[in-house]
Structures are given as C-alpha cells and as structure tokens.
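Colleague: Dropping in start.txt, which is compact mmCIF, N, CA and C atoms:
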# COMPACT_ATOMS: atom_id res chain seq x y z
N MET B 1 104.48 120.44 115.09
CA MET B 1 105.67 120.34 115.94
C MET B 1 106.00 118.87 116.17
N SER B 2 107.26 118.59 116.12
CA SER B 2 107.69 117.21 116.36
C SER B 2 107.98 117.00 117.84
N ALA B 3 107.71 115.80 118.30
CA ALA B 3 107.96 115.47 119.70
C ALA B 3 109.46 115.35 119.94
N LYS B 4 109.86 115.70 121.12
CA LYS B 4 111.29 115.64 121.47
C LYS B 4 111.70 114.17 121.63
N LYS B 5 112.82 113.80 121.01
CA LYS B 5 113.30 112.42 121.10
C LYS B 5 113.86 112.17 122.50
N PRO B 6 113.62 110.96 123.06
CA PRO B 6 114.25 110.66 124.35
C PRO B 6 115.75 110.51 124.16
N ALA B 7 116.50 110.89 125.17
CA ALA B 7 117.96 110.79 125.10
C ALA B 7 118.36 109.32 124.96
N ALA B 8 119.46 109.10 124.31
CA ALA B 8 119.95 107.73 124.11
C ALA B 8 120.56 107.19 125.40
N THR B 9 120.69 105.88 125.45
CA THR B 9 121.33 105.24 126.59
C THR B 9 122.80 105.64 126.60
N ALA B 10 123.32 106.01 127.77
CA ALA B 10 124.72 106.44 127.89
C ALA B 10 125.50 105.40 128.67
N PHE B 11 126.76 105.23 128.30
CA PHE B 11 127.66 104.32 129.00
C PHE B 11 128.80 105.12 129.60
N LEU B 12 129.04 104.93 130.89
CA LEU B 12 130.14 105.61 131.57
C LEU B 12 131.15 104.56 132.01
N ARG B 13 132.40 104.79 131.72
CA ARG B 13 133.45 103.88 132.18
C ARG B 13 134.32 104.64 133.16
N ILE B 14 134.30 104.21 134.43
CA ILE B 14 135.11 104.88 135.44
C ILE B 14 135.81 103.84 136.32
N LEU B 15 136.90 104.26 136.92
CA LEU B 15 137.68 103.43 137.83
C LEU B 15 137.36 103.90 139.25
N VAL B 16 136.74 103.02 140.04
CA VAL B 16 136.30 103.40 141.38
C VAL B 16 136.97 102.49 142.41
N PRO B 17 137.53 103.04 143.49
CA PRO B 17 138.12 102.19 144.54
C PRO B 17 137.05 101.35 145.23
N ALA B 18 137.30 100.06 145.41
CA ALA B 18 136.34 99.15 146.03
C ALA B 18 135.95 99.63 147.42
N GLY B 19 134.65 99.68 147.69
CA GLY B 19 134.14 100.06 148.99
C GLY B 19 134.30 101.52 149.35
N LYS B 20 134.84 102.33 148.43
CA LYS B 20 135.10 103.74 148.75
C LYS B 20 134.47 104.70 147.75
N ALA B 21 133.40 104.27 147.11
CA ALA B 21 132.72 105.18 146.17
C ALA B 21 132.09 106.32 146.96
N SER B 22 132.27 107.53 146.48
CA SER B 22 131.67 108.70 147.14
C SER B 22 131.22 109.67 146.06
N PRO B 23 130.35 110.61 146.42
CA PRO B 23 129.84 111.55 145.41
C PRO B 23 130.89 112.55 144.90
N SER B 24 132.10 112.46 145.41
CA SER B 24 133.16 113.36 144.92
C SER B 24 133.64 112.88 143.55
N PRO B 25 134.43 113.70 142.84
CA PRO B 25 134.93 113.27 141.53
C PRO B 25 135.70 111.95 141.64
N PRO B 26 135.66 111.09 140.65
CA PRO B 26 135.03 111.22 139.33
C PRO B 26 133.56 110.80 139.30
N VAL B 27 133.07 110.17 140.36
CA VAL B 27 131.72 109.59 140.35
C VAL B 27 130.62 110.65 140.31
N GLY B 28 130.63 111.57 141.26
CA GLY B 28 129.56 112.56 141.40
C GLY B 28 129.30 113.38 140.14
N PRO B 29 130.31 114.09 139.62
CA PRO B 29 130.07 114.91 138.43
C PRO B 29 129.63 114.09 137.21
N ALA B 30 130.23 112.91 137.02
CA ALA B 30 129.89 112.09 135.85
C ALA B 30 128.43 111.66 135.89
N LEU B 31 127.93 111.28 137.06
CA LEU B 31 126.53 110.86 137.17
C LEU B 31 125.58 112.05 137.22
N GLY B 32 126.01 113.13 137.89
CA GLY B 32 125.19 114.32 138.02
C GLY B 32 124.83 114.93 136.67
N GLN B 33 125.78 114.91 135.73
CA GLN B 33 125.54 115.45 134.39
C GLN B 33 124.41 114.70 133.69
N ARG B 34 124.21 113.44 134.08
CA ARG B 34 123.21 112.62 133.42
C ARG B 34 121.94 112.46 134.26
N GLY B 35 121.82 113.25 135.34
CA GLY B 35 120.61 113.26 136.14
C GLY B 35 120.46 112.08 137.08
N ILE B 36 121.55 111.43 137.44
CA ILE B 36 121.51 110.29 138.36
C ILE B 36 121.99 110.76 139.73
N LYS B 37 121.31 110.32 140.78
CA LYS B 37 121.76 110.65 142.13
C LYS B 37 122.99 109.81 142.45
N SER B 38 124.10 110.47 142.68
CA SER B 38 125.35 109.74 142.89
C SER B 38 125.33 108.91 144.17
N MET B 39 124.57 109.33 145.17
CA MET B 39 124.51 108.55 146.42
C MET B 39 123.88 107.18 146.19
N ASP B 40 122.89 107.11 145.29
CA ASP B 40 122.26 105.82 144.98
C ASP B 40 123.30 104.85 144.41
N PHE B 41 124.10 105.37 143.45
CA PHE B 41 125.14 104.53 142.87
C PHE B 41 126.18 104.14 143.92
N CYS B 42 126.62 105.10 144.72
CA CYS B 42 127.66 104.85 145.72
C CYS B 42 127.24 103.75 146.70
N LYS B 43 125.99 103.81 147.18
CA LYS B 43 125.51 102.79 148.12
C LYS B 43 125.52 101.41 147.48
N GLN B 44 125.00 101.31 146.25
CA GLN B 44 124.95 100.02 145.56
C GLN B 44 126.36 99.50 145.27
N PHE B 45 127.25 100.39 144.79
CA PHE B 45 128.62 99.99 144.46
C PHE B 45 129.37 99.51 145.70
N ASN B 46 129.29 100.28 146.78
CA ASN B 46 130.00 99.91 148.01
C ASN B 46 129.47 98.60 148.57
N ASP B 47 128.16 98.37 148.44
CA ASP B 47 127.58 97.11 148.91
C ASP B 47 128.08 95.94 148.06
N ARG B 48 128.15 96.15 146.74
CA ARG B 48 128.58 95.08 145.84
C ARG B 48 130.07 94.76 145.99
N THR B 49 130.88 95.73 146.39
CA THR B 49 132.33 95.52 146.50
C THR B 49 132.80 95.37 147.94
N LYS B 50 131.89 95.11 148.87
CA LYS B 50 132.28 95.03 150.28
C LYS B 50 133.22 93.86 150.59
N ASP B 51 133.20 92.81 149.75
CA ASP B 51 134.06 91.64 149.98
C ASP B 51 135.45 91.78 149.35
N ILE B 52 135.67 92.86 148.61
CA ILE B 52 136.95 93.10 147.96
C ILE B 52 137.77 94.01 148.86
N GLU B 53 139.09 93.82 148.85
CA GLU B 53 139.98 94.65 149.68
C GLU B 53 139.72 96.14 149.39
N PRO B 54 139.40 96.93 150.43
CA PRO B 54 139.11 98.36 150.22
C PRO B 54 140.24 99.10 149.51
N GLY B 55 139.86 99.94 148.56
CA GLY B 55 140.85 100.72 147.82
C GLY B 55 141.29 100.09 146.51
N THR B 56 140.94 98.82 146.28
CA THR B 56 141.31 98.15 145.03
C THR B 56 140.57 98.85 143.88
N PRO B 57 141.30 99.29 142.84
CA PRO B 57 140.62 99.97 141.74
C PRO B 57 139.74 98.99 140.95
N ILE B 58 138.47 99.33 140.80
CA ILE B 58 137.53 98.46 140.10
C ILE B 58 137.00 99.19 138.86
N PRO B 59 137.34 98.69 137.65
CA PRO B 59 136.76 99.27 136.45
C PRO B 59 135.24 99.02 136.46
N THR B 60 134.47 100.05 136.25
CA THR B 60 133.02 99.96 136.33
C THR B 60 132.39 100.58 135.09
N VAL B 61 131.44 99.86 134.50
CA VAL B 61 130.70 100.39 133.36
C VAL B 61 129.27 100.65 133.83
N ILE B 62 128.88 101.92 133.80
CA ILE B 62 127.55 102.32 134.25
C ILE B 62 126.69 102.60 133.01
N THR B 63 125.54 101.97 132.95
CA THR B 63 124.60 102.18 131.85
C THR B 63 123.49 103.08 132.37
N VAL B 64 123.38 104.27 131.76
CA VAL B 64 122.35 105.23 132.16
C VAL B 64 121.27 105.21 131.08
N LYS B 65 120.05 104.85 131.47
CA LYS B 65 118.93 104.77 130.52
C LYS B 65 118.23 106.13 130.41
N PRO B 66 117.48 106.33 129.34
CA PRO B 66 116.80 107.63 129.13
C PRO B 66 115.88 108.04 130.28
N ASP B 67 115.31 107.06 131.00
CA ASP B 67 114.40 107.41 132.10
C ASP B 67 115.15 107.68 133.41
N ARG B 68 116.46 107.87 133.31
CA ARG B 68 117.35 108.20 134.43
C ARG B 68 117.51 107.06 135.44
N THR B 69 117.29 105.85 135.00
CA THR B 69 117.62 104.69 135.83
C THR B 69 118.99 104.23 135.36
N PHE B 70 119.65 103.45 136.19
CA PHE B 70 120.99 103.00 135.81
C PHE B 70 121.23 101.57 136.29
N SER B 71 122.20 100.96 135.66
CA SER B 71 122.71 99.66 136.09
C SER B 71 124.21 99.72 135.89
N PHE B 72 124.93 98.85 136.57
CA PHE B 72 126.38 98.88 136.39
C PHE B 72 126.98 97.49 136.50
N VAL B 73 128.13 97.33 135.84
CA VAL B 73 128.87 96.08 135.82
C VAL B 73 130.26 96.37 136.35
N THR B 74 130.72 95.56 137.30
CA THR B 74 132.08 95.72 137.80
C THR B 74 132.96 94.64 137.18
N LYS B 75 134.21 94.99 136.94
CA LYS B 75 135.16 94.05 136.36
C LYS B 75 136.29 93.82 137.35
N SER B 76 137.22 92.93 137.00
CA SER B 76 138.36 92.70 137.89
C SER B 76 139.33 93.87 137.78
N PRO B 77 140.19 94.06 138.79
CA PRO B 77 141.13 95.19 138.77
C PRO B 77 142.03 95.16 137.53
N PRO B 78 142.57 96.31 137.14
CA PRO B 78 143.46 96.36 135.98
C PRO B 78 144.65 95.41 136.14
N THR B 79 145.06 94.80 135.04
CA THR B 79 146.18 93.85 135.05
C THR B 79 147.44 94.50 135.61
N SER B 80 147.73 95.73 135.21
CA SER B 80 148.95 96.39 135.69
C SER B 80 148.93 96.55 137.21
N TRP B 81 147.75 96.85 137.78
CA TRP B 81 147.64 96.99 139.24
C TRP B 81 147.91 95.65 139.92
N LEU B 82 147.32 94.57 139.37
CA LEU B 82 147.53 93.24 139.94
C LEU B 82 149.00 92.83 139.85
N LEU B 83 149.65 93.14 138.73
CA LEU B 83 151.06 92.80 138.55
C LEU B 83 151.95 93.56 139.55
N LYS B 84 151.71 94.85 139.69
CA LYS B 84 152.52 95.65 140.62
C LYS B 84 152.32 95.18 142.05
N ARG B 85 151.11 94.80 142.38
CA ARG B 85 150.83 94.30 143.73
C ARG B 85 151.54 92.96 143.97
N ALA B 86 151.50 92.08 142.98
CA ALA B 86 152.16 90.77 143.11
C ALA B 86 153.67 90.93 143.23
N ALA B 87 154.22 91.92 142.53
CA ALA B 87 155.67 92.15 142.57
C ALA B 87 156.07 92.99 143.78
N GLY B 88 155.10 93.58 144.47
CA GLY B 88 155.40 94.39 145.64
C GLY B 88 156.03 95.73 145.32
N VAL B 89 155.65 96.32 144.18
CA VAL B 89 156.20 97.62 143.79
C VAL B 89 155.07 98.65 143.73
N GLU B 90 155.42 99.92 143.98
CA GLU B 90 154.44 101.00 143.96
C GLU B 90 154.06 101.41 142.55
N LYS B 91 155.08 101.56 141.69
CA LYS B 91 154.80 101.98 140.32
C LYS B 91 155.71 101.24 139.35
N GLY B 92 155.29 101.26 138.09
CA GLY B 92 156.04 100.55 137.05
C GLY B 92 157.31 101.28 136.66
N SER B 93 158.03 100.69 135.74
CA SER B 93 159.30 101.23 135.27
C SER B 93 159.07 102.46 134.39
N SER B 94 159.98 103.44 134.51
CA SER B 94 159.90 104.60 133.62
C SER B 94 160.55 104.27 132.28
N GLN B 95 161.33 103.17 132.25
CA GLN B 95 161.98 102.72 131.01
C GLN B 95 161.75 101.22 130.85
N PRO B 96 160.51 100.79 130.53
CA PRO B 96 160.26 99.36 130.38
C PRO B 96 161.13 98.77 129.27
N GLY B 97 161.59 97.57 129.49
CA GLY B 97 162.47 96.91 128.52
C GLY B 97 163.93 97.01 128.93
N SER B 98 164.31 98.14 129.54
CA SER B 98 165.71 98.28 129.97
C SER B 98 165.83 98.40 131.48
N GLN B 99 164.74 98.67 132.17
CA GLN B 99 164.77 98.79 133.62
C GLN B 99 163.72 97.86 134.22
N ILE B 100 164.16 96.99 135.13
CA ILE B 100 163.26 96.06 135.78
C ILE B 100 163.02 96.53 137.21
N VAL B 101 161.73 96.68 137.58
CA VAL B 101 161.41 97.18 138.92
C VAL B 101 160.99 96.06 139.88
N GLY B 102 160.67 94.88 139.34
CA GLY B 102 160.25 93.78 140.20
C GLY B 102 160.20 92.47 139.45
N LYS B 103 159.99 91.41 140.20
CA LYS B 103 159.90 90.07 139.61
C LYS B 103 158.69 89.34 140.16
N ILE B 104 158.07 88.53 139.31
CA ILE B 104 156.98 87.66 139.75
C ILE B 104 157.20 86.28 139.13
N SER B 105 156.56 85.28 139.72
CA SER B 105 156.69 83.92 139.21
C SER B 105 155.53 83.60 138.27
N LEU B 106 155.64 82.46 137.58
CA LEU B 106 154.56 82.01 136.70
C LEU B 106 153.30 81.72 137.51
N LYS B 107 153.48 81.35 138.78
CA LYS B 107 152.33 81.09 139.65
C LYS B 107 151.49 82.37 139.80
N HIS B 108 152.17 83.53 139.97
CA HIS B 108 151.46 84.80 140.05
C HIS B 108 150.69 85.08 138.76
N VAL B 109 151.34 84.82 137.62
CA VAL B 109 150.71 85.06 136.32
C VAL B 109 149.45 84.20 136.20
N TYR B 110 149.55 82.93 136.61
CA TYR B 110 148.42 82.01 136.54
C TYR B 110 147.27 82.49 137.43
N GLU B 111 147.59 82.93 138.66
CA GLU B 111 146.56 83.40 139.58
C GLU B 111 145.86 84.66 139.04
N ILE B 112 146.63 85.57 138.44
CA ILE B 112 146.05 86.78 137.85
C ILE B 112 145.16 86.39 136.66
N ALA B 113 145.62 85.42 135.86
CA ALA B 113 144.84 84.97 134.70
C ALA B 113 143.51 84.37 135.14
N LEU B 114 143.52 83.59 136.21
CA LEU B 114 142.28 83.01 136.72
C LEU B 114 141.30 84.11 137.14
N ARG B 115 141.82 85.15 137.76
CA ARG B 115 140.98 86.26 138.20
C ARG B 115 140.43 87.04 137.01
N LYS B 116 141.26 87.28 135.99
CA LYS B 116 140.84 88.03 134.82
C LYS B 116 139.86 87.24 133.96
N GLN B 117 139.95 85.90 133.99
CA GLN B 117 139.08 85.07 133.17
C GLN B 117 137.61 85.18 133.58
N LYS B 118 137.37 85.66 134.80
CA LYS B 118 135.99 85.81 135.28
C LYS B 118 135.29 87.01 134.64
N ASP B 119 136.06 87.92 134.02
CA ASP B 119 135.46 89.06 133.32
C ASP B 119 134.72 88.56 132.08
N ALA B 120 133.59 89.16 131.80
CA ALA B 120 132.76 88.72 130.67
C ALA B 120 133.50 88.81 129.34
N ASN B 121 134.33 89.84 129.17
CA ASN B 121 135.02 90.01 127.89
C ASN B 121 136.17 89.02 127.69
N LEU B 122 136.60 88.32 128.74
CA LEU B 122 137.69 87.34 128.61
C LEU B 122 137.22 85.91 128.87
N ALA B 123 135.96 85.71 129.19
CA ALA B 123 135.45 84.39 129.56
C ALA B 123 135.63 83.37 128.45
N HIS B 124 135.58 83.81 127.19
CA HIS B 124 135.71 82.87 126.07
C HIS B 124 137.17 82.56 125.72
N GLN B 125 138.11 83.30 126.31
CA GLN B 125 139.54 83.12 126.01
C GLN B 125 140.11 81.91 126.76
N GLU B 126 141.07 81.24 126.13
CA GLU B 126 141.77 80.16 126.82
C GLU B 126 142.69 80.77 127.86
N LEU B 127 142.90 80.05 128.96
CA LEU B 127 143.76 80.53 130.05
C LEU B 127 145.17 80.79 129.54
N LYS B 128 145.64 79.96 128.62
CA LYS B 128 146.99 80.10 128.05
C LYS B 128 147.15 81.47 127.36
N ASN B 129 146.12 81.88 126.62
CA ASN B 129 146.17 83.18 125.93
C ASN B 129 146.14 84.34 126.91
N ILE B 130 145.35 84.21 127.96
CA ILE B 130 145.28 85.26 128.98
C ILE B 130 146.64 85.37 129.68
N CYS B 131 147.26 84.23 129.98
CA CYS B 131 148.59 84.23 130.61
C CYS B 131 149.60 84.95 129.71
N GLY B 132 149.55 84.67 128.41
CA GLY B 132 150.46 85.33 127.46
C GLY B 132 150.28 86.83 127.47
N SER B 133 149.03 87.28 127.53
CA SER B 133 148.72 88.70 127.58
C SER B 133 149.26 89.33 128.86
N ILE B 134 149.15 88.60 129.97
CA ILE B 134 149.62 89.11 131.26
C ILE B 134 151.14 89.22 131.26
N VAL B 135 151.82 88.24 130.66
CA VAL B 135 153.29 88.30 130.57
C VAL B 135 153.70 89.53 129.76
N GLY B 136 152.97 89.82 128.67
CA GLY B 136 153.25 91.01 127.87
C GLY B 136 153.02 92.29 128.66
N SER B 137 151.96 92.32 129.45
CA SER B 137 151.68 93.48 130.30
C SER B 137 152.78 93.67 131.33
N ALA B 138 153.24 92.55 131.90
CA ALA B 138 154.33 92.62 132.89
C ALA B 138 155.57 93.24 132.28
N ARG B 139 155.87 92.84 131.06
CA ARG B 139 157.05 93.36 130.37
C ARG B 139 156.89 94.87 130.16
N SER B 140 155.70 95.32 129.81
CA SER B 140 155.49 96.75 129.55
C SER B 140 155.48 97.60 130.83
N VAL B 141 155.29 96.95 131.98
CA VAL B 141 155.32 97.67 133.25
C VAL B 141 156.72 97.64 133.86
N GLY B 142 157.58 96.76 133.33
CA GLY B 142 158.95 96.64 133.85
C GLY B 142 159.08 95.56 134.91
N ILE B 143 158.19 94.55 134.85
CA ILE B 143 158.25 93.44 135.79
C ILE B 143 158.68 92.19 135.03
N GLU B 144 159.68 91.52 135.60
CA GLU B 144 160.21 90.30 134.97
C GLU B 144 159.46 89.08 135.49
N VAL B 145 159.11 88.17 134.57
CA VAL B 145 158.45 86.92 134.96
C VAL B 145 159.53 85.84 134.99
N VAL B 146 159.75 85.26 136.18
CA VAL B 146 160.77 84.23 136.33
C VAL B 146 160.10 82.86 136.41
N VAL B 147 160.78 81.88 135.84
CA VAL B 147 160.22 80.52 135.81
C VAL B 147 160.60 79.77 137.06
Go ahead and express the file in the form of structure tokens.

Modeller:
Amino acid sequence: MSAKKPAATAFLRILVPAGKASPSPPVGPALGQRGIKSMDFCKQFNDRTKDIEPGTPIPTVITVKPDRTFSFVTKSPPTSWLLKRAAGVEKGSSQPGSQIVGKISLKHVYEIALRKQKDANLAHQELKNICGSIVGSARSVGIEVVV
C-alpha cells in the first residue's frame, strides 16, 4: 500500500473589509473547507488592519499549508475603489468612454500611485508607469483626470 500524499499548499484570494473580517461568507466557508479556524484568521486580520479606515476593501492572499497552518499577505485597496473614493462617486460609469461620472486631479493619481507602489508586485515598477496604469483605470471606470 502506498502512503497518502499530503495535500498541496493552497492559495486563497479574497477581498475582506479592513477591521471587519468575520466568520461569515466569504471568509468562513473558504477557510472552513481547508480545515482552518476562521476565527483565528479574523482576529489576526482585524489586528493587522486596525490602522486602516474600517470597511476599506483589502485584497488578501491566504496561504494554507498541508499541516493546516496559514499565513496571509494584505495588499493595498483596489485601484478602482481608490479612484471612486478620490472622485467622490459611489460607482463607476455604465458607459465608460462616453459617460463621465467624476473628475480627479493628477495629484490624486500621484497619491494613489504612491500607495499602490508599496505592494510587492508593483515595488519594482517606476512611479511614472504606475501613474499611467492608474490613468487607464480611471478612464475605464468613467473618471476624468484633469491637469
């Protein structure tokens, strides 16, 4: 008889509101399926995000190891959320390109780029390139960037 192979490391990507993680969906079921106590994650996540404005959506990557231990990495909020907040609008345009729902200045773009540059996947990018990406995201959400 062959020995049973240990399960592979699993990665979960979920969007959790800062300081408001709870065992309810999407956190509880996603962790429960992998044998992790959701309350352990919730306590650690809420403690790590206590300095961020409550309710801010935080992309989180949870690494679940075969021995049912976990670690997680938090990233900066989604660019579209930051853009809508800077423009003071609830939601983006239903017809981007032809309908503008808000306006932001280059200063807003620069501040968002500085925040996004702290993410590990963008740390090697030049600020100019991140700003260009943010301007493109603004256009796709229906927000105009004014000089």

Colleague: Env of B:Lys128: 9 Å cut, atoms = only C-alpha atoms, seq-sep filter 3 positions within chain, self excluded. Answer as a PyMOL selection string.

Modeller: chain B and resi 110+113+125+131-133

Colleague: Those residues with N, CA and C atoms, as a short mmCIF file (atom, residue, chain, number, x, y, z; two decimals), in the frame of the given file please?

Modeller:
data_model
loop_
_atom_site.label_atom_id
_atom_site.label_comp_id
_atom_site.auth_asym_id
_atom_site.auth_seq_id
_atom_site.Cartn_x
_atom_site.Cartn_y
_atom_site.Cartn_z
N TYR B 110 149.55 82.93 136.61
CA TYR B 110 148.42 82.01 136.54
C TYR B 110 147.27 82.49 137.43
N ALA B 113 145.62 85.42 135.86
CA ALA B 113 144.84 84.97 134.70
C ALA B 113 143.51 84.37 135.14
N GLN B 125 138.11 83.30 126.31
CA GLN B 125 139.54 83.12 126.01
C GLN B 125 140.11 81.91 126.76
N CYS B 131 147.26 84.23 129.98
CA CYS B 131 148.59 84.23 130.61
C CYS B 131 149.60 84.95 129.71
N GLY B 132 149.55 84.67 128.41
CA GLY B 132 150.46 85.33 127.46
C GLY B 132 150.28 86.83 127.47
N SER B 133 149.03 87.28 127.53
CA SER B 133 148.72 88.70 127.58
C SER B 133 149.26 89.33 128.86
#

Colleague: For B:Val145, which of B:Phe45, B:Arg13, B:Leu106, B:Gly97 is the closest residue, counting only N, CA and C atoms?

Modeller: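 Using only N, CA and C atoms, the shortest distance to B:Val145 belongs to B:Leu106.
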
Colleague: Neighbours of stretch 18-35 of chain B within 8 Å (only C-alpha atoms; same-chain residues fewer than 3 positions away dropped), as a list in words?

Modeller: Leu12, Ile14, Ser38, Met39, Cys42, Lys43, Phe45, Asn46, Asp47, Thr49, Lys50, Ile52, Glu53, Pro54, Gly55, Thr56, Pro57, Ile58, Val64 and Arg68 of chain B

Colleague: The selected residues should be written to file as a JSON list (two decimals), in the frame of the given file (atoms: N, CA and C atoms).

Modeller:
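Just written: result-v5.json:
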[["chain", "number", "residue", "atom", "x", "y", "z"],
["B", 12, "LEU", "N", 129.04, 104.93, 130.89],
["B", 12, "LEU", "CA", 130.14, 105.61, 131.57],
["B", 12, "LEU", "C", 131.15, 104.56, 132.01],
["B", 14, "ILE", "N", 134.30, 104.21, 134.43],
["B", 14, "ILE", "CA", 135.11, 104.88, 135.44],
["B", 14, "ILE", "C", 135.81, 103.84, 136.32],
["B", 38, "SER", "N", 124.10, 110.47, 142.68],
["B", 38, "SER", "CA", 125.35, 109.74, 142.89],
["B", 38, "SER", "C", 125.33, 108.91, 144.17],
["B", 39, "MET", "N", 124.57, 109.33, 145.17],
["B", 39, "MET", "CA", 124.51, 108.55, 146.42],
["B", 39, "MET", "C", 123.88, 107.18, 146.19],
["B", 42, "CYS", "N", 126.62, 105.10, 144.72],
["B", 42, "CYS", "CA", 127.66, 104.85, 145.72],
["B", 42, "CYS", "C", 127.24, 103.75, 146.70],
["B", 43, "LYS", "N", 125.99, 103.81, 147.18],
["B", 43, "LYS", "CA", 125.51, 102.79, 148.12],
["B", 43, "LYS", "C", 125.52, 101.41, 147.48],
["B", 45, "PHE", "N", 127.25, 100.39, 144.79],
["B", 45, "PHE", "CA", 128.62, 99.99, 144.46],
["B", 45, "PHE", "C", 129.37, 99.51, 145.70],
["B", 46, "ASN", "N", 129.29, 100.28, 146.78],
["B", 46, "ASN", "CA", 130.00, 99.91, 148.01],
["B", 46, "ASN", "C", 129.47, 98.60, 148.57],
["B", 47, "ASP", "N", 128.16, 98.37, 148.44],
["B", 47, "ASP", "CA", 127.58, 97.11, 148.91],
["B", 47, "ASP", "C", 128.08, 95.94, 148.06],
["B", 49, "THR", "N", 130.88, 95.73, 146.39],
["B", 49, "THR", "CA", 132.33, 95.52, 146.50],
["B", 49, "THR", "C", 132.80, 95.37, 147.94],
["B", 50, "LYS", "N", 131.89, 95.11, 148.87],
["B", 50, "LYS", "CA", 132.28, 95.03, 150.28],
["B", 50, "LYS", "C", 133.22, 93.86, 150.59],
["B", 52, "ILE", "N", 135.67, 92.86, 148.61],
["B", 52, "ILE", "CA", 136.95, 93.10, 147.96],
["B", 52, "ILE", "C", 137.77, 94.01, 148.86],
["B", 53, "GLU", "N", 139.09, 93.82, 148.85],
["B", 53, "GLU", "CA", 139.98, 94.65, 149.68],
["B", 53, "GLU", "C", 139.72, 96.14, 149.39],
["B", 54, "PRO", "N", 139.40, 96.93, 150.43],
["B", 54, "PRO", "CA", 139.11, 98.36, 150.22],
["B", 54, "PRO", "C", 140.24, 99.10, 149.51],
["B", 55, "GLY", "N", 139.86, 99.94, 148.56],
["B", 55, "GLY", "CA", 140.85, 100.72, 147.82],
["B", 55, "GLY", "C", 141.29, 100.09, 146.51],
["B", 56, "THR", "N", 140.94, 98.82, 146.28],
["B", 56, "THR", "CA", 141.31, 98.15, 145.03],
["B", 56, "THR", "C", 140.57, 98.85, 143.88],
["B", 57, "PRO", "N", 141.30, 99.29, 142.84],
["B", 57, "PRO", "CA", 140.62, 99.97, 141.74],
["B", 57, "PRO", "C", 139.74, 98.99, 140.95],
["B", 58, "ILE", "N", 138.47, 99.33, 140.80],
["B", 58, "ILE", "CA", 137.53, 98.46, 140.10],
["B", 58, "ILE", "C", 137.00, 99.19, 138.86],
["B", 64, "VAL", "N", 123.38, 104.27, 131.76],
["B", 64, "VAL", "CA", 122.35, 105.23, 132.16],
["B", 64, "VAL", "C", 121.27, 105.21, 131.08],
["B", 68, "ARG", "N", 116.46, 107.87, 133.31],
["B", 68, "ARG", "CA", 117.35, 108.20, 134.43],
["B", 68, "ARG", "C", 117.51, 107.06, 135.44]]

Colleague: Where does DSSP see strand (DSSP E or B) in stretch 8-122 of chain B, if you list the residues as a PyMOL selection string?

Modeller: chain B and resi 10-17+57-64+70-74+102-105

Colleague: Once you have the residues from the selection above, write them out as a short mmCIF file (atom, residue, chain, number, x, y, z; two decimals), in the frame of the given file, restricted to N, CA and C atoms.

Modeller:
data_model
loop_
_atom_site.label_atom_id
_atom_site.label_comp_id
_atom_site.auth_asym_id
_atom_site.auth_seq_id
_atom_site.Cartn_x
_atom_site.Cartn_y
_atom_site.Cartn_z
N ALA B 10 123.32 106.01 127.77
CA ALA B 10 124.72 106.44 127.89
C ALA B 10 125.50 105.40 128.67
N PHE B 11 126.76 105.23 128.30
CA PHE B 11 127.66 104.32 129.00
C PHE B 11 128.80 105.12 129.60
N LEU B 12 129.04 104.93 130.89
CA LEU B 12 130.14 105.61 131.57
C LEU B 12 131.15 104.56 132.01
N ARG B 13 132.40 104.79 131.72
CA ARG B 13 133.45 103.88 132.18
C ARG B 13 134.32 104.64 133.16
N ILE B 14 134.30 104.21 134.43
CA ILE B 14 135.11 104.88 135.44
C ILE B 14 135.81 103.84 136.32
N LEU B 15 136.90 104.26 136.92
CA LEU B 15 137.68 103.43 137.83
C LEU B 15 137.36 103.90 139.25
N VAL B 16 136.74 103.02 140.04
CA VAL B 16 136.30 103.40 141.38
C VAL B 16 136.97 102.49 142.41
N PRO B 17 137.53 103.04 143.49
CA PRO B 17 138.12 102.19 144.54
C PRO B 17 137.05 101.35 145.23
N PRO B 57 141.30 99.29 142.84
CA PRO B 57 140.62 99.97 141.74
C PRO B 57 139.74 98.99 140.95
N ILE B 58 138.47 99.33 140.80
CA ILE B 58 137.53 98.46 140.10
C ILE B 58 137.00 99.19 138.86
N PRO B 59 137.34 98.69 137.65
CA PRO B 59 136.76 99.27 136.45
C PRO B 59 135.24 99.02 136.46
N THR B 60 134.47 100.05 136.25
CA THR B 60 133.02 99.96 136.33
C THR B 60 132.39 100.58 135.09
N VAL B 61 131.44 99.86 134.50
CA VAL B 61 130.70 100.39 133.36
C VAL B 61 129.27 100.65 133.83
N ILE B 62 128.88 101.92 133.80
CA ILE B 62 127.55 102.32 134.25
C ILE B 62 126.69 102.60 133.01
N THR B 63 125.54 101.97 132.95
CA THR B 63 124.60 102.18 131.85
C THR B 63 123.49 103.08 132.37
N VAL B 64 123.38 104.27 131.76
CA VAL B 64 122.35 105.23 132.16
C VAL B 64 121.27 105.21 131.08
N PHE B 70 119.65 103.45 136.19
CA PHE B 70 120.99 103.00 135.81
C PHE B 70 121.23 101.57 136.29
N SER B 71 122.20 100.96 135.66
CA SER B 71 122.71 99.66 136.09
C SER B 71 124.21 99.72 135.89
N PHE B 72 124.93 98.85 136.57
CA PHE B 72 126.38 98.88 136.39
C PHE B 72 126.98 97.49 136.50
N VAL B 73 128.13 97.33 135.84
CA VAL B 73 128.87 96.08 135.82
C VAL B 73 130.26 96.37 136.35
N THR B 74 130.72 95.56 137.30
CA THR B 74 132.08 95.72 137.80
C THR B 74 132.96 94.64 137.18
N GLY B 102 160.67 94.88 139.34
CA GLY B 102 160.25 93.78 140.20
C GLY B 102 160.20 92.47 139.45
N LYS B 103 159.99 91.41 140.20
CA LYS B 103 159.90 90.07 139.61
C LYS B 103 158.69 89.34 140.16
N ILE B 104 158.07 88.53 139.31
CA ILE B 104 156.98 87.66 139.75
C ILE B 104 157.20 86.28 139.13
N SER B 105 156.56 85.28 139.72
CA SER B 105 156.69 83.92 139.21
C SER B 105 155.53 83.60 138.27
#

Colleague: For stretch 135-144 of chain B, work out the shell of residues within 8 Å, counting all atoms listed in the file and skipping chain neighbours fewer than 4 positions away, then give it as a list in words.

Modeller: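 Contacts, with the query itself left out: Thr79, Ser80, Leu83, Lys84, Ala87, Lys91, Gly92, Ser93, Ser94, Gln95, Pro96, Gly97, Ser98, Gln99, Ile100, Val101, Gly102, Lys103, Ile104, Ser105, Leu106, Val109, Asn129, Ile130 and Cys131 of chain B.
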
Colleague: For atom C of B:Ala120 and atom C of B:Ile36, quote the distance in Å rounded to one decimal.

Modeller: 26.9 Å

Colleague: What is the atom N of B:Val146-atom CA of B:Ile134 distance in Å, reported with one decimal?

Modeller: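 Separating atom N of B:Val146 from atom CA of B:Ile134 is a distance of 11.9 Å.
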
Colleague: Out of chain B, which residues get alpha helix (DSSP H) from DSSP, as a ChimeraX atom specification?

Modeller: /B:27-32,38-48,79-87,106-116,127-141

Colleague: Would you compute an axis-aligned box for stretch 19-38 of chain B, covering every atom listed for it in the file with 6 Å of margin on each side, and report centre and edge lengths in Å to one decimal as AutoDock Vina command-line options?

Modeller:
--center_x 128.1 --center_y 107.6 --center_z 141.4 --size_x 27.2 --size_y 27.8 --size_z 27.9
